file work-v5.txt (compact mmCIF, C-alpha atoms and all ligand atoms)
# COMPACT_ATOMS: atom_id res chain seq x y z
CA MET A 1101 -3.85 21.99 -18.95
CA PRO A 1102 -6.15 23.88 -16.54
CA PRO A 1103 -4.30 26.26 -14.20
CA PHE A 1104 -5.31 24.17 -11.18
CA ALA A 1105 -3.66 21.01 -12.50
CA ALA A 1106 -0.48 22.93 -13.28
CA ARG A 1107 -0.33 24.19 -9.69
CA ARG A 1108 -0.45 20.89 -7.87
CA PRO A 1109 3.18 19.91 -7.33
CA THR A 1110 2.70 18.03 -4.06
CA TYR A 1111 -0.05 15.80 -5.29
CA ASP A 1112 0.21 12.17 -4.22
CA ASN A 1113 -0.93 9.98 -7.10
CA ALA A 1114 -0.60 6.82 -5.06
CA VAL A 1115 -3.86 7.75 -3.42
CA GLY A 1116 -5.17 9.86 -6.20
CA GLU A 1117 -7.73 12.54 -6.72
CA LEU A 1118 -11.17 11.12 -6.31
CA THR A 1119 -14.31 11.97 -8.13
CA LEU A 1120 -16.82 9.70 -6.50
CA PRO A 1121 -20.18 8.82 -7.94
CA ALA A 1122 -22.49 9.78 -5.06
CA LEU A 1123 -23.43 13.15 -6.52
CA ASP A 1124 -23.85 12.15 -10.15
CA THR A 1125 -26.79 13.21 -12.29
CA GLN A 1126 -28.70 10.00 -11.68
CA SER A 1127 -28.51 10.36 -7.88
CA PHE A 1128 -29.39 14.05 -8.18
CA ALA A 1129 -32.48 13.17 -10.28
CA ALA A 1130 -33.51 10.39 -7.89
CA GLU A 1131 -33.19 12.62 -4.81
CA VAL A 1132 -35.05 15.48 -6.51
CA ALA A 1133 -37.89 13.12 -7.48
CA GLU A 1134 -38.07 11.63 -4.00
CA GLY A 1135 -37.94 15.00 -2.21
CA LEU A 1136 -40.47 16.76 -4.42
CA ARG A 1137 -42.98 13.91 -3.98
CA ARG A 1138 -42.83 14.26 -0.19
CA THR A 1139 -45.21 16.26 1.96
CA PRO A 1140 -44.01 18.91 2.63
CA ARG A 1141 -41.97 19.05 -0.56
CA GLN A 1142 -38.21 19.10 0.01
CA LEU A 1143 -34.91 19.38 -1.86
CA PRO A 1144 -31.54 18.30 -0.40
CA SER A 1145 -29.35 21.30 0.45
CA LYS A 1146 -26.15 19.49 -0.55
CA TYR A 1147 -27.05 20.27 -4.19
CA PHE A 1148 -26.72 24.03 -3.59
CA TYR A 1149 -23.00 23.83 -4.27
CA ASP A 1150 -22.44 23.80 -8.00
CA ALA A 1151 -19.99 26.42 -9.32
CA LEU A 1152 -22.50 29.29 -9.13
CA GLY A 1153 -23.89 28.09 -5.78
CA SER A 1154 -20.39 27.94 -4.29
CA SER A 1155 -19.72 31.51 -5.46
CA LEU A 1156 -23.02 32.69 -3.99
CA PHE A 1157 -22.15 30.97 -0.72
CA ASP A 1158 -18.77 32.75 -0.66
CA ALA A 1159 -20.69 36.02 -1.09
CA ILE A 1160 -23.03 35.07 1.79
CA CYS A 1161 -19.98 34.65 4.02
CA HIS A 1162 -19.12 38.32 3.37
CA LEU A 1163 -22.59 39.62 4.22
CA PRO A 1164 -22.75 41.70 7.40
CA TRP A 1165 -25.84 39.76 8.50
CA TYR A 1166 -24.24 36.30 8.16
CA ARG A 1167 -21.63 36.32 10.91
CA VAL A 1168 -20.73 32.61 11.04
CA THR A 1169 -17.60 32.81 8.88
CA ARG A 1170 -16.15 35.97 10.42
CA ALA A 1171 -16.78 34.80 13.99
CA GLU A 1172 -15.19 31.42 13.32
CA SER A 1173 -12.21 32.92 11.47
CA SER A 1174 -11.49 35.29 14.32
CA LEU A 1175 -11.63 32.46 16.88
CA ILE A 1176 -9.27 30.37 14.76
CA ALA A 1177 -6.83 33.26 14.30
CA ARG A 1178 -6.87 34.06 18.03
CA TYR A 1179 -6.59 30.51 19.38
CA ALA A 1180 -4.65 28.75 16.61
CA ALA A 1181 -1.69 27.81 18.82
CA ALA A 1182 -3.97 26.44 21.56
CA ILE A 1183 -6.03 24.51 19.01
CA VAL A 1184 -3.05 22.50 17.71
CA GLU A 1185 -1.20 22.37 21.04
CA PRO A 1186 -2.26 18.82 22.14
CA PHE A 1187 -1.18 17.15 18.89
CA ALA A 1188 2.23 15.61 18.26
CA GLN A 1189 3.91 17.26 15.28
CA PRO A 1190 4.33 16.79 12.42
CA MET A 1191 0.64 16.22 12.02
CA SER A 1192 -1.90 15.81 9.25
CA ILE A 1193 -4.92 18.02 8.84
CA ALA A 1194 -8.14 17.02 7.12
CA GLU A 1195 -11.03 19.35 6.44
CA LEU A 1196 -14.53 18.06 5.76
CA GLY A 1197 -16.40 20.55 3.61
CA CYS A 1198 -13.34 22.78 3.20
CA GLY A 1199 -15.09 25.29 0.93
CA ASN A 1200 -12.55 27.80 -0.38
CA GLY A 1201 -10.00 26.83 2.30
CA GLU A 1202 -9.86 30.29 3.86
CA LYS A 1203 -10.25 29.12 7.47
CA LEU A 1204 -7.79 26.27 7.05
CA GLU A 1205 -5.25 28.75 5.73
CA ILE A 1206 -5.80 30.95 8.79
CA LEU A 1207 -5.17 27.97 11.09
CA LEU A 1208 -2.05 26.90 9.20
CA GLN A 1209 -0.66 30.40 9.15
CA ALA A 1210 -1.50 31.43 12.69
CA SER A 1211 -0.57 28.15 14.42
CA GLY A 1212 2.77 27.65 12.69
CA ALA A 1213 2.13 23.88 13.07
CA ALA A 1214 4.35 21.45 11.19
CA VAL A 1215 1.87 19.89 8.81
CA ARG A 1216 2.84 17.09 6.46
CA ARG A 1217 -0.36 15.95 4.83
CA ILE A 1218 -3.46 17.98 4.08
CA HIS A 1219 -6.69 16.24 3.06
CA LEU A 1220 -9.38 18.38 1.45
CA ILE A 1221 -12.87 16.92 1.21
CA ASP A 1222 -15.78 18.73 -0.44
CA ILE A 1223 -18.66 18.04 -2.79
CA SER A 1224 -17.86 21.14 -4.84
CA ALA A 1225 -15.06 20.83 -7.40
CA LYS A 1226 -14.86 24.60 -7.63
CA ALA A 1227 -14.39 24.98 -3.87
CA LEU A 1228 -11.73 22.25 -3.84
CA GLU A 1229 -9.77 24.00 -6.56
CA ALA A 1230 -9.77 27.26 -4.63
CA ALA A 1231 -8.83 25.53 -1.36
CA ALA A 1232 -6.02 23.51 -2.94
CA VAL A 1233 -4.39 26.61 -4.40
CA ARG A 1234 -4.62 28.34 -1.01
CA VAL A 1235 -3.10 25.64 1.19
CA GLU A 1236 -0.82 23.53 -0.99
CA GLN A 1237 2.26 25.46 0.16
CA TYR A 1238 1.66 24.24 3.73
CA ALA A 1239 1.44 20.54 2.85
CA GLY A 1240 5.05 19.44 3.20
CA ASP A 1241 4.18 15.90 2.29
CA GLY A 1242 1.31 16.15 -0.18
CA LEU A 1243 -2.19 17.38 -0.65
CA LEU A 1244 -5.01 14.88 -1.11
CA VAL A 1245 -8.18 16.16 -2.71
CA CYS A 1246 -11.43 14.23 -2.45
CA GLU A 1247 -14.49 15.42 -4.35
CA GLY A 1248 -17.22 13.52 -2.58
CA THR A 1249 -19.37 13.19 0.51
CA TYR A 1250 -18.06 13.42 4.07
CA GLU A 1251 -18.35 9.65 4.49
CA GLN A 1252 -16.38 8.98 1.33
CA GLY A 1253 -13.70 11.47 2.36
CA LEU A 1254 -13.43 9.95 5.84
CA ALA A 1255 -13.08 6.44 4.43
CA ARG A 1256 -10.30 7.66 2.16
CA LEU A 1257 -8.66 9.52 5.05
CA ALA A 1258 -8.58 6.40 7.23
CA ALA A 1259 -7.22 4.29 4.38
CA SER A 1260 -4.44 6.67 3.41
CA ARG A 1261 -3.20 7.88 6.81
CA ARG A 1262 0.49 7.93 7.64
CA PRO A 1263 1.75 5.95 10.66
CA ASN A 1264 2.73 8.03 13.70
CA GLN A 1265 1.12 11.15 12.32
CA PRO A 1266 -1.89 12.38 14.26
CA ILE A 1267 -4.79 13.81 12.33
CA LEU A 1268 -6.69 16.93 13.26
CA CYS A 1269 -10.02 16.76 11.46
CA LEU A 1270 -11.77 20.09 10.89
CA PHE A 1271 -15.53 20.24 10.51
CA LEU A 1272 -16.19 23.96 10.45
CA GLY A 1273 -18.65 26.57 9.30
CA SER A 1274 -21.56 25.06 11.23
CA ASN A 1275 -21.84 22.46 8.49
CA ILE A 1276 -23.04 20.10 11.22
CA GLY A 1277 -26.11 22.36 11.43
CA ASN A 1278 -27.30 21.23 8.00
CA PHE A 1279 -27.99 17.75 9.45
CA ASP A 1280 -30.98 17.00 11.63
CA PRO A 1281 -29.85 16.01 15.14
CA PRO A 1282 -29.97 12.20 14.65
CA ALA A 1283 -28.06 12.45 11.37
CA GLY A 1284 -25.58 14.91 12.94
CA ARG A 1285 -25.00 12.46 15.81
CA GLU A 1286 -24.46 9.65 13.36
CA LEU A 1287 -21.96 11.73 11.37
CA LEU A 1288 -20.00 12.57 14.54
CA LYS A 1289 -19.80 8.84 15.24
CA VAL A 1290 -18.56 8.17 11.71
CA ILE A 1291 -15.89 10.86 12.19
CA ARG A 1292 -14.92 9.37 15.57
CA ARG A 1293 -14.63 5.87 14.09
CA SER A 1294 -12.37 7.19 11.31
CA LEU A 1295 -9.92 8.62 13.86
CA ARG A 1296 -7.46 7.02 16.31
CA GLU A 1297 -6.02 7.81 19.71
CA GLY A 1298 -3.96 11.00 19.52
CA ASP A 1299 -6.21 12.51 16.80
CA GLY A 1300 -8.71 15.31 17.27
CA LEU A 1301 -11.77 17.02 15.85
CA LEU A 1302 -12.31 20.77 15.62
CA LEU A 1303 -16.03 21.43 15.29
CA GLY A 1304 -17.48 24.86 14.46
CA SER A 1305 -21.13 25.37 15.38
CA ASP A 1306 -23.41 28.35 15.27
CA LEU A 1307 -25.34 29.00 18.48
CA VAL A 1308 -28.93 29.93 19.24
CA LYS A 1309 -29.37 33.72 19.20
CA PRO A 1310 -32.22 36.22 18.92
CA GLU A 1311 -34.74 35.40 16.19
CA ARG A 1312 -34.25 38.73 14.42
CA ASP A 1313 -30.53 38.02 13.95
CA LEU A 1314 -31.19 34.49 12.74
CA VAL A 1315 -33.79 35.52 10.18
CA LEU A 1316 -31.63 38.37 8.84
CA ALA A 1317 -28.70 35.96 8.49
CA TYR A 1318 -30.80 33.74 6.20
CA ASP A 1319 -32.91 36.39 4.48
CA ASP A 1320 -30.52 39.24 3.84
CA PRO A 1321 -31.64 42.63 2.50
CA LEU A 1322 -29.36 42.28 -0.55
CA GLY A 1323 -31.13 39.12 -1.67
CA VAL A 1324 -27.92 37.07 -1.94
CA THR A 1325 -29.32 34.21 0.14
CA ALA A 1326 -32.51 34.29 -1.93
CA ALA A 1327 -30.38 33.91 -5.08
CA PHE A 1328 -28.42 31.06 -3.43
CA ASN A 1329 -31.70 29.31 -2.67
CA ARG A 1330 -33.28 29.87 -6.11
CA ASN A 1331 -30.07 28.73 -7.79
CA LEU A 1332 -31.04 25.20 -6.80
CA LEU A 1333 -34.05 25.45 -9.13
CA ARG A 1334 -31.81 26.90 -11.85
CA ARG A 1335 -29.49 23.92 -11.38
CA ILE A 1336 -32.41 21.48 -11.68
CA ASN A 1337 -33.52 23.25 -14.88
CA ASP A 1338 -30.02 23.10 -16.38
CA GLU A 1339 -28.92 19.64 -15.29
CA LEU A 1340 -32.17 17.69 -15.08
CA GLY A 1341 -34.33 19.34 -17.73
CA GLY A 1342 -36.55 21.15 -15.23
CA THR A 1343 -39.06 23.85 -16.13
CA PHE A 1344 -39.05 25.88 -12.89
CA ASP A 1345 -39.90 29.55 -13.47
CA LEU A 1346 -37.40 31.18 -11.11
CA ASP A 1347 -39.43 34.41 -11.00
CA ALA A 1348 -42.40 32.52 -9.58
CA PHE A 1349 -40.72 31.48 -6.30
CA SER A 1350 -40.01 33.61 -3.22
CA HIS A 1351 -37.33 32.90 -0.69
CA ARG A 1352 -38.42 32.59 2.93
CA ALA A 1353 -36.39 31.95 6.10
CA VAL A 1354 -38.20 30.95 9.29
CA TRP A 1355 -36.81 30.34 12.78
CA ASN A 1356 -38.45 27.18 14.12
CA ARG A 1357 -37.72 27.66 17.82
CA LEU A 1358 -39.05 24.30 18.95
CA ALA A 1359 -36.91 22.40 16.47
CA GLY A 1360 -33.92 24.76 16.99
CA ARG A 1361 -33.44 25.41 13.29
CA VAL A 1362 -33.69 28.09 10.64
CA GLU A 1363 -35.69 26.65 7.73
CA SER A 1364 -35.16 27.96 4.22
CA HIS A 1365 -38.04 27.60 1.80
CA LEU A 1366 -38.96 28.48 -1.76
CA ILE A 1367 -42.60 29.52 -1.87
CA SER A 1368 -44.59 29.11 -5.07
CA ASP A 1369 -46.09 32.54 -5.84
CA ARG A 1370 -48.94 31.03 -7.86
CA ARG A 1371 -50.48 27.73 -8.86
CA GLN A 1372 -48.08 26.27 -11.40
CA SER A 1373 -47.06 23.04 -13.06
CA VAL A 1374 -43.43 21.97 -13.28
CA GLN A 1375 -41.74 19.13 -15.12
CA VAL A 1376 -38.34 17.64 -14.38
CA ALA A 1377 -37.51 15.41 -17.34
CA ALA A 1378 -34.55 13.47 -15.90
CA ALA A 1379 -36.52 12.75 -12.73
CA ASP A 1380 -39.60 11.68 -14.72
CA LEU A 1381 -41.58 14.11 -12.63
CA GLU A 1382 -44.56 16.35 -13.23
CA LEU A 1383 -46.02 18.25 -10.32
CA THR A 1384 -48.49 20.97 -9.57
CA LEU A 1385 -47.62 23.47 -6.87
CA GLU A 1386 -50.41 25.45 -5.25
CA ALA A 1387 -50.05 29.21 -4.61
CA GLY A 1388 -48.22 29.55 -1.29
CA GLU A 1389 -46.97 25.97 -1.31
CA SER A 1390 -43.42 25.57 -0.05
CA ILE A 1391 -40.38 23.59 -1.13
CA TRP A 1392 -38.20 23.20 1.96
CA THR A 1393 -34.60 23.46 0.80
CA GLU A 1394 -32.45 23.70 3.93
CA SER A 1395 -32.33 23.40 7.71
CA SER A 1396 -29.65 25.21 9.69
CA TYR A 1397 -29.74 23.87 13.25
CA LYS A 1398 -28.44 26.11 16.01
CA TYR A 1399 -26.85 24.71 19.16
CA GLU A 1400 -26.26 25.59 22.78
CA ALA A 1401 -22.54 25.63 23.64
CA ALA A 1402 -22.86 22.90 26.28
CA GLY A 1403 -25.02 20.81 23.96
CA ILE A 1404 -22.21 20.57 21.41
CA VAL A 1405 -19.82 19.20 24.02
CA ASP A 1406 -22.45 16.62 25.01
CA GLU A 1407 -22.89 15.57 21.36
CA GLY A 1408 -19.15 15.02 20.90
CA ILE A 1409 -18.81 13.04 24.09
CA ALA A 1410 -21.87 10.95 23.18
CA ALA A 1411 -20.20 10.18 19.83
CA GLY A 1412 -17.20 8.70 21.67
CA PHE A 1413 -14.76 11.60 21.87
CA SER A 1414 -13.03 12.25 25.20
CA ALA A 1415 -11.93 15.67 26.46
CA ALA A 1416 -13.28 18.84 24.94
CA GLN A 1417 -12.09 22.42 24.96
CA GLN A 1418 -14.33 25.17 23.73
CA TRP A 1419 -13.86 28.77 22.57
CA VAL A 1420 -16.97 30.92 22.16
CA GLU A 1421 -17.41 34.19 20.26
CA GLN A 1422 -20.04 35.74 22.50
CA ASP A 1423 -21.04 38.63 20.28
CA ALA A 1424 -21.96 36.63 17.16
CA ARG A 1425 -22.73 33.55 19.29
CA PHE A 1426 -20.50 30.96 17.64
CA ALA A 1427 -18.57 28.07 19.24
CA LEU A 1428 -15.41 26.27 18.26
CA THR A 1429 -14.99 22.98 20.12
CA ARG A 1430 -11.93 20.76 20.03
CA PHE A 1431 -12.45 17.12 20.91
CA SER A 1432 -9.74 14.58 21.59
CA VAL A 1433 -9.84 10.92 20.72
C1 LIG A 1501 -23.01 25.73 4.82
N1 LIG A 1501 -24.05 25.97 5.82
C2 LIG A 1501 -23.53 25.71 7.17
C3 LIG A 1501 -24.70 27.28 5.70
C4 LIG A 1501 -25.73 27.46 6.84
O1 LIG A 1501 -25.57 28.40 7.60
O2 LIG A 1501 -26.64 26.63 6.96
C5 LIG A 1501 -25.38 27.42 4.36
C6 LIG A 1501 -26.20 28.68 4.24
N2 LIG A 1501 -27.42 28.73 3.82
C7 LIG A 1501 -27.86 29.97 3.80
N3 LIG A 1501 -26.88 30.75 4.25
C8 LIG A 1501 -25.82 29.95 4.50
call {"tool": "encode", "arguments": {"input": "work-v5.txt", "output": "structure tokens"}}
result
Amino acid sequence: MPPFAARRPTYDNAVGELTLPALDTQSFAAEVAEGLRRTPRQLPSKYFYDALGSSLFDAICHLPWYRVTRAESSLIARYAAAIVEPFAQPMSIAELGCGNGEKLEILLQASGAAVRRIHLIDISAKALEAAAVRVEQYAGDGLLVCEGTYEQGLARLAASRRPNQPILCLFLGSNIGNFDPPAGRELLKVIRRSLREGDGLLLGSDLVKPERDLVLAYDDPLGVTAAFNRNLLRRINDELGGTFDLDAFSHRAVWNRLAGRVESHLISDRRQSVQVAAADLELTLEAGESIWTESSYKYEAAGIVDEGIAAGFSAAQQWVEQDARFALTRFSV
């Protein structure tokens, strides 16, 4: 029995652990084929997070140049009691894209809130395992783990909620920034529709800051973010029979001021042909041609409040870390 399974005493089998099909090999191959045929060529950033990608992301969060995680953690630690204050207790907490669960643990510890149910939703099995081990002791009434997309996790959350137990939904880490604004708006609406009166949403969003800081955050001198980016090609090679030569691609991060996003690219260092067997794909990349792998949108503090209200939430309270320029916004339903 794997150590994770042995350490899950509060698991509620009535709802069950979910491994949902949205991120299976077939979908991965189809999305890779579709993205690489586009102009400009693209790959979906949600596929960064296999076991190695999740570990590389954890390392990014420790880099001095990537301040998102530290800024958000310090806001949560400082304002934990105020964050949970409007919600009737005992409450449930759900985290969309929980990663390793570190920030959720800070909130649970620092707020002292009476929490019955904890719902963990992530596309990375490795991240879910780490998060479950971290927070299971706080889930008086069971831990529900959903390996799937945000939408799948939200549907499961709505279906399995307990009566008279408000839900605080966490969507942290500036994960909203990996959606383009229309898709981000749509996701906020989906979250709002999954919640009821008395519930809340805690949204963490990175803010616009000087270009130099933004580029360093996504192109660090240690090359960890470059490895995180190239790992997507390694994953395609391993899982889809790709022939990408990892040494022949350079990582590039660009601040697109007009669009309000940092773009991450993999630039082909030379003219080269690549095959991806499972995607039935053969392509030729020119020297200097880019594969656009990620967008990280940056917000203005007031703009985030507007987005939440436009999605149907009511009151908002916001805490801003001015030095790193990061905002935590709590919306009520
Ligand atoms: C997970 N996501 C919000 C991170 C971001 O900032 O866009 C992923 C990341 N990519 C490069 N560094 C971090």
call {"tool": "closest_residue", "arguments": {"input": "work-v5.txt", "among": "A:Glu1236, A:Glu1195, A:Glu1311, A:Glu1202", "to": "A:Leu1270", "atoms": "all atoms listed in the file"}}
result
A:Glu1195
call {"tool": "closest_residue", "arguments": {"input": "work-v5.txt", "among": "A:Leu1136, A:Leu1272, A:Ala1159, A:Val1184", "to": "A:Gly1201", "atoms": "only C-alpha atoms"}}
result
A:Leu1272
call {"tool": "residues_near_ligand", "arguments": {"input": "work-v5.txt", "ligand": "ligand LIG 1501 (chain A)", "cutoff": "7 Å", "atoms": "only C-alpha atoms and all ligand atoms", "output": "JSON, numbers by chain"}}
result
{"A": [1157, 1160, 1273, 1274, 1275, 1276, 1277, 1278, 1317, 1318, 1325, 1395, 1396]}
call {"tool": "residues_around", "arguments": {"input": "work-v5.txt", "residues": "A:Ser1145", "least_positions_apart": "5", "cutoff": "10 Å", "atoms": "only C-alpha atoms", "output": "list in words"}}
result
Asn1278, Phe1279, Asn1329, Leu1332, Ser1364, Trp1392, Thr1393, Glu1394 and Ser1395 of chain A
call {"tool": "write_last_selection", "arguments": {"input": "work-v5.txt", "atoms": "C-alpha atoms", "output": "compact mmCIF listing (two decimals), in the frame of the given file"}}
result
# COMPACT_ATOMS: atom_id res chain seq x y z
CA ASN A 1278 -27.30 21.23 8.00
CA PHE A 1279 -27.99 17.75 9.45
CA ASN A 1329 -31.70 29.31 -2.67
CA LEU A 1332 -31.04 25.20 -6.80
CA SER A 1364 -35.16 27.96 4.22
CA TRP A 1392 -38.20 23.20 1.96
CA THR A 1393 -34.60 23.46 0.80
CA GLU A 1394 -32.45 23.70 3.93
CA SER A 1395 -32.33 23.40 7.71
call {"tool": "residues_around", "arguments": {"input": "work-v5.txt", "residues": "stretch 1374-1387 of chain A", "least_positions_apart": "4", "cutoff": "9 Å", "atoms": "all atoms listed in the file", "output": "list of chain:residue names"}}
result
A:Thr1125, A:Gln1126, A:Phe1128, A:Ala1129, A:Ala1130, A:Glu1131, A:Val1132, A:Ala1133, A:Glu1134, A:Leu1136, A:Arg1137, A:Ile1336, A:Asn1337, A:Glu1339, A:Leu1340, A:Gly1341, A:Gly1342, A:Thr1343, A:Phe1344, A:Asp1345, A:Ile1367, A:Ser1368, A:Asp1369, A:Arg1370
call {"tool": "closest_residue", "arguments": {"input": "work-v5.txt", "among": "A:Glu1407, A:Asp1150, A:Glu1421, A:Asp1241", "to": "A:Leu1288", "atoms": "all atoms listed in the file"}}
result
A:Glu1407
call {"tool": "decode", "arguments": {"input": "work-v5.txt", "residues": "stretch 1315-1342 of chain A", "atoms": "N, CA and C atoms", "output": "mmCIF file, in the first residue's frame"}}
result
data_model
loop_
_atom_site.group_PDB
_atom_site.id
_atom_site.type_symbol
_atom_site.label_atom_id
_atom_site.label_comp_id
_atom_site.auth_asym_id
_atom_site.auth_seq_id
_atom_site.Cartn_x
_atom_site.Cartn_y
_atom_site.Cartn_z
ATOM 1 N N VAL A 1315 10.086 40.167 -15.425
ATOM 2 C CA VAL A 1315 10.884 39.294 -16.296
ATOM 3 C C VAL A 1315 11.797 38.395 -15.461
ATOM 4 N N LEU A 1316 12.386 38.957 -14.399
ATOM 5 C CA LEU A 1316 13.240 38.136 -13.524
ATOM 6 C C LEU A 1316 12.454 37.022 -12.841
ATOM 7 N N ALA A 1317 11.183 37.318 -12.508
ATOM 8 C CA ALA A 1317 10.346 36.311 -11.846
ATOM 9 C C ALA A 1317 10.100 35.112 -12.765
ATOM 10 N N TYR A 1318 10.106 35.362 -14.081
ATOM 11 C CA TYR A 1318 9.785 34.283 -15.040
ATOM 12 C C TYR A 1318 10.988 33.849 -15.872
ATOM 13 N N ASP A 1319 12.141 34.467 -15.607
ATOM 14 C CA ASP A 1319 13.370 34.024 -16.279
ATOM 15 C C ASP A 1319 14.490 34.190 -15.273
ATOM 16 N N ASP A 1320 14.516 33.278 -14.312
ATOM 17 C CA ASP A 1320 15.409 33.434 -13.166
ATOM 18 C C ASP A 1320 16.840 33.057 -13.529
ATOM 19 N N PRO A 1321 17.813 33.664 -12.839
ATOM 20 C CA PRO A 1321 19.226 33.400 -13.152
ATOM 21 C C PRO A 1321 19.665 31.971 -12.881
ATOM 22 N N LEU A 1322 18.896 31.214 -12.070
ATOM 23 C CA LEU A 1322 19.289 29.820 -11.822
ATOM 24 C C LEU A 1322 18.772 28.878 -12.906
ATOM 25 N N GLY A 1323 17.895 29.363 -13.745
ATOM 26 C CA GLY A 1323 17.390 28.521 -14.835
ATOM 27 C C GLY A 1323 16.315 27.531 -14.400
ATOM 28 N N VAL A 1324 15.740 27.723 -13.216
ATOM 29 C CA VAL A 1324 14.711 26.778 -12.758
ATOM 30 C C VAL A 1324 13.445 26.936 -13.605
ATOM 31 N N THR A 1325 13.069 28.181 -13.898
ATOM 32 C CA THR A 1325 11.859 28.392 -14.703
ATOM 33 C C THR A 1325 12.071 27.890 -16.135
ATOM 34 N N ALA A 1326 13.292 28.017 -16.630
ATOM 35 C CA ALA A 1326 13.595 27.475 -17.963
ATOM 36 C C ALA A 1326 13.419 25.954 -17.960
ATOM 37 N N ALA A 1327 13.866 25.307 -16.883
ATOM 38 C CA ALA A 1327 13.714 23.846 -16.792
ATOM 39 C C ALA A 1327 12.239 23.470 -16.699
ATOM 40 N N PHE A 1328 11.478 24.251 -15.923
ATOM 41 C CA PHE A 1328 10.024 24.032 -15.781
ATOM 42 C C PHE A 1328 9.354 24.117 -17.155
ATOM 43 N N ASN A 1329 9.758 25.077 -17.934
ATOM 44 C CA ASN A 1329 9.176 25.282 -19.258
ATOM 45 C C ASN A 1329 9.572 24.133 -20.202
ATOM 46 N N ARG A 1330 10.863 23.826 -20.246
ATOM 47 C CA ARG A 1330 11.333 22.750 -21.147
ATOM 48 C C ARG A 1330 10.794 21.392 -20.746
ATOM 49 N N ASN A 1331 10.471 21.226 -19.465
ATOM 50 C CA ASN A 1331 9.946 19.939 -19.004
ATOM 51 C C ASN A 1331 8.667 19.545 -19.745
ATOM 52 N N LEU A 1332 7.964 20.555 -20.258
ATOM 53 C CA LEU A 1332 6.751 20.247 -21.025
ATOM 54 C C LEU A 1332 7.116 19.462 -22.297
ATOM 55 N N LEU A 1333 8.231 19.830 -22.920
ATOM 56 C CA LEU A 1333 8.678 19.084 -24.105
ATOM 57 C C LEU A 1333 9.131 17.673 -23.703
ATOM 58 N N ARG A 1334 9.802 17.592 -22.570
ATOM 59 C CA ARG A 1334 10.239 16.277 -22.061
ATOM 60 C C ARG A 1334 9.020 15.385 -21.816
ATOM 61 N N ARG A 1335 7.966 16.016 -21.270
ATOM 62 C CA ARG A 1335 6.740 15.246 -20.996
ATOM 63 C C ARG A 1335 6.107 14.757 -22.306
ATOM 64 N N ILE A 1336 6.097 15.633 -23.309
ATOM 65 C CA ILE A 1336 5.539 15.234 -24.618
ATOM 66 C C ILE A 1336 6.362 14.083 -25.205
ATOM 67 N N ASN A 1337 7.689 14.189 -25.079
ATOM 68 C CA ASN A 1337 8.542 13.087 -25.575
ATOM 69 C C ASN A 1337 8.199 11.772 -24.871
ATOM 70 N N ASP A 1338 8.084 11.843 -23.535
ATOM 71 C CA ASP A 1338 7.886 10.607 -22.757
ATOM 72 C C ASP A 1338 6.488 10.027 -22.920
ATOM 73 N N GLU A 1339 5.483 10.901 -22.911
ATOM 74 C CA GLU A 1339 4.102 10.392 -22.860
ATOM 75 C C GLU A 1339 3.446 10.280 -24.230
ATOM 76 N N LEU A 1340 3.941 11.065 -25.192
ATOM 77 C CA LEU A 1340 3.267 11.073 -26.498
ATOM 78 C C LEU A 1340 4.196 10.653 -27.637
ATOM 79 N N GLY A 1341 5.367 10.144 -27.292
ATOM 80 C CA GLY A 1341 6.298 9.721 -28.341
ATOM 81 C C GLY A 1341 6.825 10.887 -29.148
ATOM 82 N N GLY A 1342 7.134 11.986 -28.493
ATOM 83 C CA GLY A 1342 7.701 13.153 -29.180
ATOM 84 C C GLY A 1342 9.195 13.021 -29.391
#
